[in-house]
Amino acid sequence: MININHGLEILKNKIKNAPSKPGVYRMLGEDGEVLYVGKAKNIKKRIISYSHIEKLPLRLQRMVSEIEDMEFIIVETEAKALLLENELIKRLEPRYNILLRDDKTFPHLVIDVQSEFPALRKYRGKRDDKSKYFGPFASIPAVNNVLGLIQKAFLIRSCRDSVFNTRHRPCMLYQIKRCSAPCIGGKITKEEYRHLVNEAAAFLEGKNSNLQQELSKEMEKASENLDYEKAISLRDRIKTLTTIQQGQNLEYAAIKSADFIALARRGDLVCIQVFFIRSGQNCGNAPYFPKQIKGAADEEIMEAFLSSFYTRHIPPKEVIISLGLENKDFIEDAIQAKISVYKKGNKAKVTELVLKNAKEAMDRKIAEESSIKNNLHEFAEIFGLSSEPERIEIYDNSHIQGSYAIGAMVVAAKEGFDKKQYRTFNIKNSEITNDDFAMMREVLSRRFAKINPENKPDVIIIDGGLGQLNAVHDSLKSFNLDGITVIAMSKGSDRNAGKELYHVKGRESFSLPFQSPIAFYLQNLRDEAHRFAIGTHRKKRGKSMSKSRLDDVEGIGAKRKKDLLNHFGSVEQIIEASVEDIMKVDGISKKTAEKIYNYFHN
């Protein structure tokens, strides 16, 4: 039975002084613990609703019973309230808030419209006001598909400026009719190229519905003028646009720009599926599984999702959802997009499709979690653990003959791999980079120097045999290993996957039944650590290889380096340039030009 009177009394006292303005409120429990963070157009009206206990779900009744204090932050607009709420939820993770694990960024297409000859490229990261962005796309294959179609239909370049500025003849893309070769004089004028860019932008925004008719007229005119080469090029572009339209799903074709979001639920598991539709094209979809939703209504979960998702991602003009919202007006004002629910018509059919995908994704999630649970139960039995492990850390090293050496740690939990907990370690002692045992000792010593009760593993898995196992125990002998099982996993006969040997201190080495589910599970853990280690090593090596000699010139930062390379095309061209030539680059003074020249020539 919940004793709610104490918290309710504190709540009613706080209502008296609560501001009637937009902002964020925090409900605090014992020792200042943040129980809940919320936003409101009118804070006073919002917290008054919590005093009507009989209308609250059990989850929020329990929260009210624990209230010891409240804090308010007033902001100017609903949008700022939304941003502040999500910042606090992400940082504090209050136990009564619905949490969305959403750290991913989606790829976009970008046109640098201020360039003399703009390029169309893939982009992922922060936006600026100097370019036009199109998307998002849920995956790299989705953005690659659209990029290829746009190149065929509009012949826009996709090369880097440094390559573009130094070309003396058309590249392969021109030969296969995917670029108009603006890099070479005489192939296309600046005005003609700009016209192609504008057409592509209009097409991506779903604005140019008469493009094929316009191109047909241009083709006829070119034929009349006996300009057959241009007529053939226009014919090929028309064919590509026709192919694009034929490949469109009829249900999407009339939709210019919208996100479709549907919520499916089974007990305490919720899946929210998002479909991105842009210019009649399905740009992919992504499932989300919010946390801490027990006792929360579907409407509350959807509102929390929209609030969180659109503080990280720019919304389209319309967001179409599968259920109604009580606070729809507030969310619309905050995210600056129209929120709609359709019960009939084409958009209702698409919503049903999205809902179906949400249910299927939820079924896959349930099957996956059931499989993981079974594997963890068997894992505990095989390795003599008192309970199923909640945190497994897997380690691996990667280097090339001692160069670019790194150690990597991946983390597996009951929900699967926890990529937010992955860590990499640059090997600091250059004398040990050819010694796998010593590298592992350094990695684990550094990892355990920062261990705490929240991130203490139940199991450590390393790739190796008895030697690696002894190295781990040796490196951790000064740390408390109580409750931690260390497992070394080595290749078995013929180094075949499935015939691995497992080594645990105090036990004979053993293998698992060939092709058993638990053997596959352990192989998957090891392979993920290996994949992460190799990927991190390659990034480190690639970054080192891409380091320019300009980086060592005093006073040359990232912007000047970029401007110099864009102007000259390569470091070799800069080396051959005179002081006067270097001064032609914007922002390079005579003094800086002399410094660059002297660095390479003295």
# chains A, B, ... in the order shown; residues from 1 in each chain; ligands from 1

call {"tool": "residues_around", "arguments": {"residues": "A:Phe275", "least_positions_apart": "4", "cutoff": "6 Å", "atoms": "only C-alpha atoms", "output": "NGL selection string"}}
result
:A and (259-260 or 285)

call {"tool": "write_last_selection", "arguments": {"atoms": "C-alpha atoms", "output": "CSV table (one decimal), in the first residue's frame"}}
result
chain,number,residue,atom,x,y,z
A,259,ASP,CA,8.1,11.1,-40.6
A,260,PHE,CA,5.7,8.2,-39.8
A,285,ASN,CA,13.4,3.2,-41.0

call {"tool": "residues_around", "arguments": {"residues": "A:Ile534", "least_positions_apart": "5", "cutoff": "10 Å", "atoms": "only C-alpha atoms", "output": "PyMOL selection string"}}
result
chain A and resi 396-399+406-408+528-529+539-540

call {"tool": "residues_around", "arguments": {"residues": "A:Ala413", "least_positions_apart": "6", "cutoff": "7 Å", "atoms": "only C-alpha atoms", "output": "list in words"}}
result
Glu390, Arg391 and Ile392 of chain A

call {"tool": "closest_residue", "arguments": {"among": "A:Lys256, A:Lys152, A:Lys294, A:Lys356", "to": "A:Leu60", "atoms": "only C-alpha atoms"}}
result
A:Lys294

call {"tool": "select_by_dssp", "arguments": {"residues": "stretch 52-134 of chain A", "states": "helix (DSSP H, G or I)", "output": "list in words"}}
result
Ile53, Glu54, Lys55, Leu58, Arg59, Leu60, Gln61, Arg62, Met63, Val64, Ser65, Glu78, Ala79, Lys80, Ala81, Leu82, Leu83, Leu84, Glu85, Asn86, Glu87, Leu88, Ile89, Lys90, Arg91 and Leu92 of chain A

call {"tool": "closest_residue", "arguments": {"among": "A:Cys283, A:Ala181, A:Ala153, A:Leu84", "to": "A:Pro107", "atoms": "only C-alpha atoms"}}
result
A:Cys283

call {"tool": "residues_around", "arguments": {"residues": "A:Ala264", "least_positions_apart": "5", "cutoff": "7 Å", "atoms": "only C-alpha atoms", "output": "VMD selection string"}}
result
chain A and resid 270 to 272 355 358 to 359

call {"tool": "write_last_selection", "arguments": {"atoms": "N, CA and C atoms", "output": "PDB file, in the first residue's frame"}}
result
ATOM      1  N   VAL A 270       8.000  -2.007 -25.288  1.00  0.00           N
ATOM      2  CA  VAL A 270       7.426  -1.106 -26.292  1.00  0.00           C
ATOM      3  C   VAL A 270       8.426  -0.922 -27.418  1.00  0.00           C
ATOM      4  N   CYS A 271       7.937  -0.979 -28.651  1.00  0.00           N
ATOM      5  CA  CYS A 271       8.761  -0.640 -29.815  1.00  0.00           C
ATOM      6  C   CYS A 271       8.140   0.548 -30.522  1.00  0.00           C
ATOM      7  N   ILE A 272       8.951   1.547 -30.807  1.00  0.00           N
ATOM      8  CA  ILE A 272       8.522   2.695 -31.604  1.00  0.00           C
ATOM      9  C   ILE A 272       9.299   2.655 -32.913  1.00  0.00           C
ATOM     10  N   LEU A 355       3.202   0.505 -38.249  1.00  0.00           N
ATOM     11  CA  LEU A 355       2.806  -0.214 -37.043  1.00  0.00           C
ATOM     12  C   LEU A 355       3.118  -1.712 -37.165  1.00  0.00           C
ATOM     13  N   ALA A 358       6.682  -2.164 -36.525  1.00  0.00           N
ATOM     14  CA  ALA A 358       6.974  -2.027 -35.093  1.00  0.00           C
ATOM     15  C   ALA A 358       6.697  -3.343 -34.363  1.00  0.00           C
ATOM     16  N   LYS A 359       5.575  -3.999 -34.707  1.00  0.00           N
ATOM     17  CA  LYS A 359       5.223  -5.277 -34.067  1.00  0.00           C
ATOM     18  C   LYS A 359       6.238  -6.365 -34.418  1.00  0.00           C
TER      19      LYS A 359
END

call {"tool": "atom_distance", "arguments": {"atom1": "atom CA of A:Ile15", "atom2": "atom CA of A:Lys44"}}
result
6.2 Å

call {"tool": "select_by_dssp", "arguments": {"residues": "stretch 53-293 of chain A", "states": "strand (DSSP E)", "output": "ChimeraX atom specification"}}
result
/A:69-74,108-111,120-123,132-134,257-266,269-278,281-288

call {"tool": "write_last_selection", "arguments": {"atoms": "N, CA and C atoms", "output": "compact mmCIF listing (two decimals), in the first residue's frame"}}
result
# COMPACT_ATOMS: atom_id res chain seq x y z
N ASP A 69 10.89 17.45 -2.27
CA ASP A 69 11.10 18.85 -2.68
C ASP A 69 10.85 18.97 -4.18
N MET A 70 10.72 20.20 -4.66
CA MET A 70 10.57 20.46 -6.09
C MET A 70 11.37 21.68 -6.47
N GLU A 71 11.88 21.69 -7.71
CA GLU A 71 12.62 22.84 -8.23
C GLU A 71 12.05 23.23 -9.59
N PHE A 72 12.07 24.53 -9.90
CA PHE A 72 11.52 25.04 -11.15
C PHE A 72 12.57 25.86 -11.89
N ILE A 73 12.58 25.72 -13.23
CA ILE A 73 13.45 26.55 -14.09
C ILE A 73 12.56 27.17 -15.15
N ILE A 74 12.50 28.49 -15.20
CA ILE A 74 11.67 29.21 -16.17
C ILE A 74 12.50 29.47 -17.43
N HIS A 108 22.98 12.21 -44.17
CA HIS A 108 22.22 13.11 -45.04
C HIS A 108 22.95 13.25 -46.37
N LEU A 109 22.28 13.86 -47.33
CA LEU A 109 22.95 14.37 -48.52
C LEU A 109 23.09 15.87 -48.35
N VAL A 110 24.20 16.43 -48.80
CA VAL A 110 24.43 17.86 -48.64
C VAL A 110 24.94 18.45 -49.95
N ILE A 111 24.47 19.65 -50.28
CA ILE A 111 24.97 20.42 -51.42
C ILE A 111 25.55 21.71 -50.89
N LEU A 120 27.47 17.27 -54.57
CA LEU A 120 26.48 16.54 -53.78
C LEU A 120 27.21 15.39 -53.10
N ARG A 121 27.16 15.39 -51.77
CA ARG A 121 27.92 14.38 -51.02
C ARG A 121 27.11 13.81 -49.87
N LYS A 122 27.59 12.66 -49.37
CA LYS A 122 27.05 12.12 -48.12
C LYS A 122 27.63 12.92 -46.96
N TYR A 123 26.82 13.08 -45.90
CA TYR A 123 27.29 13.87 -44.77
C TYR A 123 26.66 13.35 -43.49
N LYS A 132 22.87 23.10 -48.15
CA LYS A 132 21.52 22.54 -48.13
C LYS A 132 21.62 21.06 -47.78
N TYR A 133 20.77 20.63 -46.85
CA TYR A 133 20.80 19.24 -46.39
C TYR A 133 19.49 18.54 -46.77
N PHE A 134 19.61 17.27 -47.12
CA PHE A 134 18.45 16.47 -47.52
C PHE A 134 18.52 15.13 -46.77
N SER A 257 7.25 15.14 -47.71
CA SER A 257 8.21 15.05 -46.61
C SER A 257 7.46 14.79 -45.32
N ALA A 258 7.69 13.64 -44.73
CA ALA A 258 7.02 13.30 -43.47
C ALA A 258 7.76 12.18 -42.76
N ASP A 259 7.70 12.19 -41.44
CA ASP A 259 8.12 11.05 -40.64
C ASP A 259 6.87 10.34 -40.15
N PHE A 260 6.83 9.02 -40.29
CA PHE A 260 5.74 8.21 -39.77
C PHE A 260 6.24 7.47 -38.54
N ILE A 261 5.51 7.59 -37.44
CA ILE A 261 5.94 7.00 -36.17
C ILE A 261 4.79 6.19 -35.58
N ALA A 262 5.04 4.91 -35.29
CA ALA A 262 4.00 4.05 -34.73
C ALA A 262 4.54 3.33 -33.49
N LEU A 263 3.65 3.10 -32.54
CA LEU A 263 4.01 2.47 -31.27
C LEU A 263 3.29 1.14 -31.14
N ALA A 264 4.08 0.08 -30.85
CA ALA A 264 3.52 -1.24 -30.58
C ALA A 264 3.94 -1.66 -29.18
N ARG A 265 3.05 -2.39 -28.50
CA ARG A 265 3.34 -2.72 -27.10
C ARG A 265 2.93 -4.16 -26.80
N ARG A 266 3.76 -4.79 -25.98
CA ARG A 266 3.43 -6.10 -25.46
C ARG A 266 3.91 -6.14 -24.01
N LEU A 269 7.20 -4.22 -22.75
CA LEU A 269 8.10 -3.95 -23.86
C LEU A 269 7.38 -3.12 -24.91
N VAL A 270 8.00 -2.01 -25.29
CA VAL A 270 7.43 -1.11 -26.29
C VAL A 270 8.43 -0.92 -27.42
N CYS A 271 7.94 -0.98 -28.65
CA CYS A 271 8.76 -0.64 -29.82
C CYS A 271 8.14 0.55 -30.52
N ILE A 272 8.95 1.55 -30.81
CA ILE A 272 8.52 2.69 -31.60
C ILE A 272 9.30 2.66 -32.91
N GLN A 273 8.56 2.57 -34.02
CA GLN A 273 9.17 2.47 -35.34
C GLN A 273 9.03 3.80 -36.06
N VAL A 274 10.14 4.27 -36.67
CA VAL A 274 10.15 5.55 -37.40
C VAL A 274 10.49 5.27 -38.86
N PHE A 275 9.65 5.77 -39.77
CA PHE A 275 9.91 5.71 -41.22
C PHE A 275 10.16 7.13 -41.71
N PHE A 276 11.22 7.31 -42.50
CA PHE A 276 11.54 8.61 -43.08
C PHE A 276 11.11 8.61 -44.55
N ILE A 277 10.13 9.43 -44.92
CA ILE A 277 9.67 9.54 -46.31
C ILE A 277 10.03 10.93 -46.81
N ARG A 278 10.84 10.97 -47.88
CA ARG A 278 11.25 12.25 -48.46
C ARG A 278 11.08 12.18 -49.98
N GLN A 281 10.16 9.01 -51.61
CA GLN A 281 11.09 7.91 -51.44
C GLN A 281 11.12 7.49 -49.97
N ASN A 282 11.13 6.18 -49.74
CA ASN A 282 11.33 5.68 -48.39
C ASN A 282 12.83 5.71 -48.10
N CYS A 283 13.24 6.59 -47.21
CA CYS A 283 14.67 6.76 -46.89
C CYS A 283 15.10 5.86 -45.74
N GLY A 284 14.31 4.85 -45.46
CA GLY A 284 14.69 3.88 -44.43
C GLY A 284 13.88 4.03 -43.16
N ASN A 285 14.13 3.14 -42.23
CA ASN A 285 13.39 3.15 -40.97
C ASN A 285 14.29 2.69 -39.84
N ALA A 286 13.86 2.99 -38.61
CA ALA A 286 14.66 2.63 -37.44
C ALA A 286 13.73 2.31 -36.28
N PRO A 287 13.98 1.20 -35.55
CA PRO A 287 13.18 0.88 -34.36
C PRO A 287 13.84 1.40 -33.09
N TYR A 288 13.03 1.76 -32.11
CA TYR A 288 13.52 2.23 -30.81
C TYR A 288 12.77 1.49 -29.71

call {"tool": "closest_residue", "arguments": {"among": "A:His52, A:Arg169, A:Arg312, A:Arg178", "to": "A:Lys90", "atoms": "only C-alpha atoms"}}
result
A:Arg312

call {"tool": "atom_distance", "arguments": {"atom1": "atom CA of A:Phe568", "atom2": "atom CA of A:Asn198"}}
result
28.4 Å

call {"tool": "residues_around", "arguments": {"residues": "A:Arg91", "least_positions_apart": "5", "cutoff": "12 Å", "atoms": "only C-alpha atoms", "output": "PyMOL selection string"}}
result
chain A and resi 34+37+84-86+99

call {"tool": "residues_around", "arguments": {"residues": "A:Ala348", "least_positions_apart": "4", "cutoff": "12 Å", "atoms": "only C-alpha atoms", "output": "VMD selection string"}}
result
chain A and resid 251 to 252 260 to 262 320 to 323 340 to 344 352 to 355

call {"tool": "residues_around", "arguments": {"residues": "A:Leu88", "least_positions_apart": "5", "cutoff": "10 Å", "atoms": "only C-alpha atoms", "output": "list in words"}}
result
Val24, Arg26, Val34, Tyr36, Val37, Gly38, Leu83, Glu93 and Pro94 of chain A

call {"tool": "write_last_selection", "arguments": {"atoms": "N, CA and C atoms", "output": "PDB file, in the first residue's frame"}}
result
ATOM      1  N   VAL A  24      10.757  24.031 -16.893  1.00  0.00           N
ATOM      2  CA  VAL A  24      11.050  22.651 -16.505  1.00  0.00           C
ATOM      3  C   VAL A  24      10.931  22.538 -14.989  1.00  0.00           C
ATOM      4  N   ARG A  26      11.552  19.826 -11.550  1.00  0.00           N
ATOM      5  CA  ARG A  26      12.215  18.615 -11.072  1.00  0.00           C
ATOM      6  C   ARG A  26      11.593  18.189  -9.752  1.00  0.00           C
ATOM      7  N   VAL A  34      16.955  13.039  -7.940  1.00  0.00           N
ATOM      8  CA  VAL A  34      15.980  13.521  -8.912  1.00  0.00           C
ATOM      9  C   VAL A  34      15.085  12.354  -9.324  1.00  0.00           C
ATOM     10  N   TYR A  36      12.066  12.800 -11.097  1.00  0.00           N
ATOM     11  CA  TYR A  36      11.384  13.033 -12.371  1.00  0.00           C
ATOM     12  C   TYR A  36      11.706  14.428 -12.874  1.00  0.00           C
ATOM     13  N   VAL A  37      11.883  14.549 -14.176  1.00  0.00           N
ATOM     14  CA  VAL A  37      12.065  15.847 -14.830  1.00  0.00           C
ATOM     15  C   VAL A  37      10.956  16.003 -15.856  1.00  0.00           C
ATOM     16  N   GLY A  38      10.250  17.126 -15.814  1.00  0.00           N
ATOM     17  CA  GLY A  38       9.156  17.356 -16.756  1.00  0.00           C
ATOM     18  C   GLY A  38       9.196  18.761 -17.312  1.00  0.00           C
ATOM     19  N   LEU A  83      14.329  21.362 -24.886  1.00  0.00           N
ATOM     20  CA  LEU A  83      15.774  21.114 -24.918  1.00  0.00           C
ATOM     21  C   LEU A  83      16.336  20.927 -23.518  1.00  0.00           C
ATOM     22  N   GLU A  93      19.153  10.805 -15.752  1.00  0.00           N
ATOM     23  CA  GLU A  93      18.447   9.534 -15.885  1.00  0.00           C
ATOM     24  C   GLU A  93      17.526   9.260 -14.690  1.00  0.00           C
ATOM     25  N   PRO A  94      16.549  10.138 -14.430  1.00  0.00           N
ATOM     26  CA  PRO A  94      15.634   9.940 -13.292  1.00  0.00           C
ATOM     27  C   PRO A  94      14.849   8.640 -13.462  1.00  0.00           C
TER      28      PRO A  94
END

call {"tool": "atom_distance", "arguments": {"atom1": "atom CA of A:Ala138", "atom2": "atom CA of A:Phe106"}}
result
5.9 Å

call {"tool": "closest_residue", "arguments": {"among": "A:Asn455, A:Lys595, A:Leu550, A:Lys328", "to": "A:Glu572", "atoms": "only C-alpha atoms"}}
result
A:Leu550

call {"tool": "closest_residue", "arguments": {"among": "A:Ala337, A:Leu149, A:Ala81, A:Leu196", "to": "A:Tyr310", "atoms": "only C-alpha atoms"}}
result
A:Ala337

call {"tool": "closest_residue", "arguments": {"among": "A:Pro513, A:Gly535, A:Gly135, A:Pro290", "to": "A:Phe305", "atoms": "only C-alpha atoms"}}
result
A:Pro290
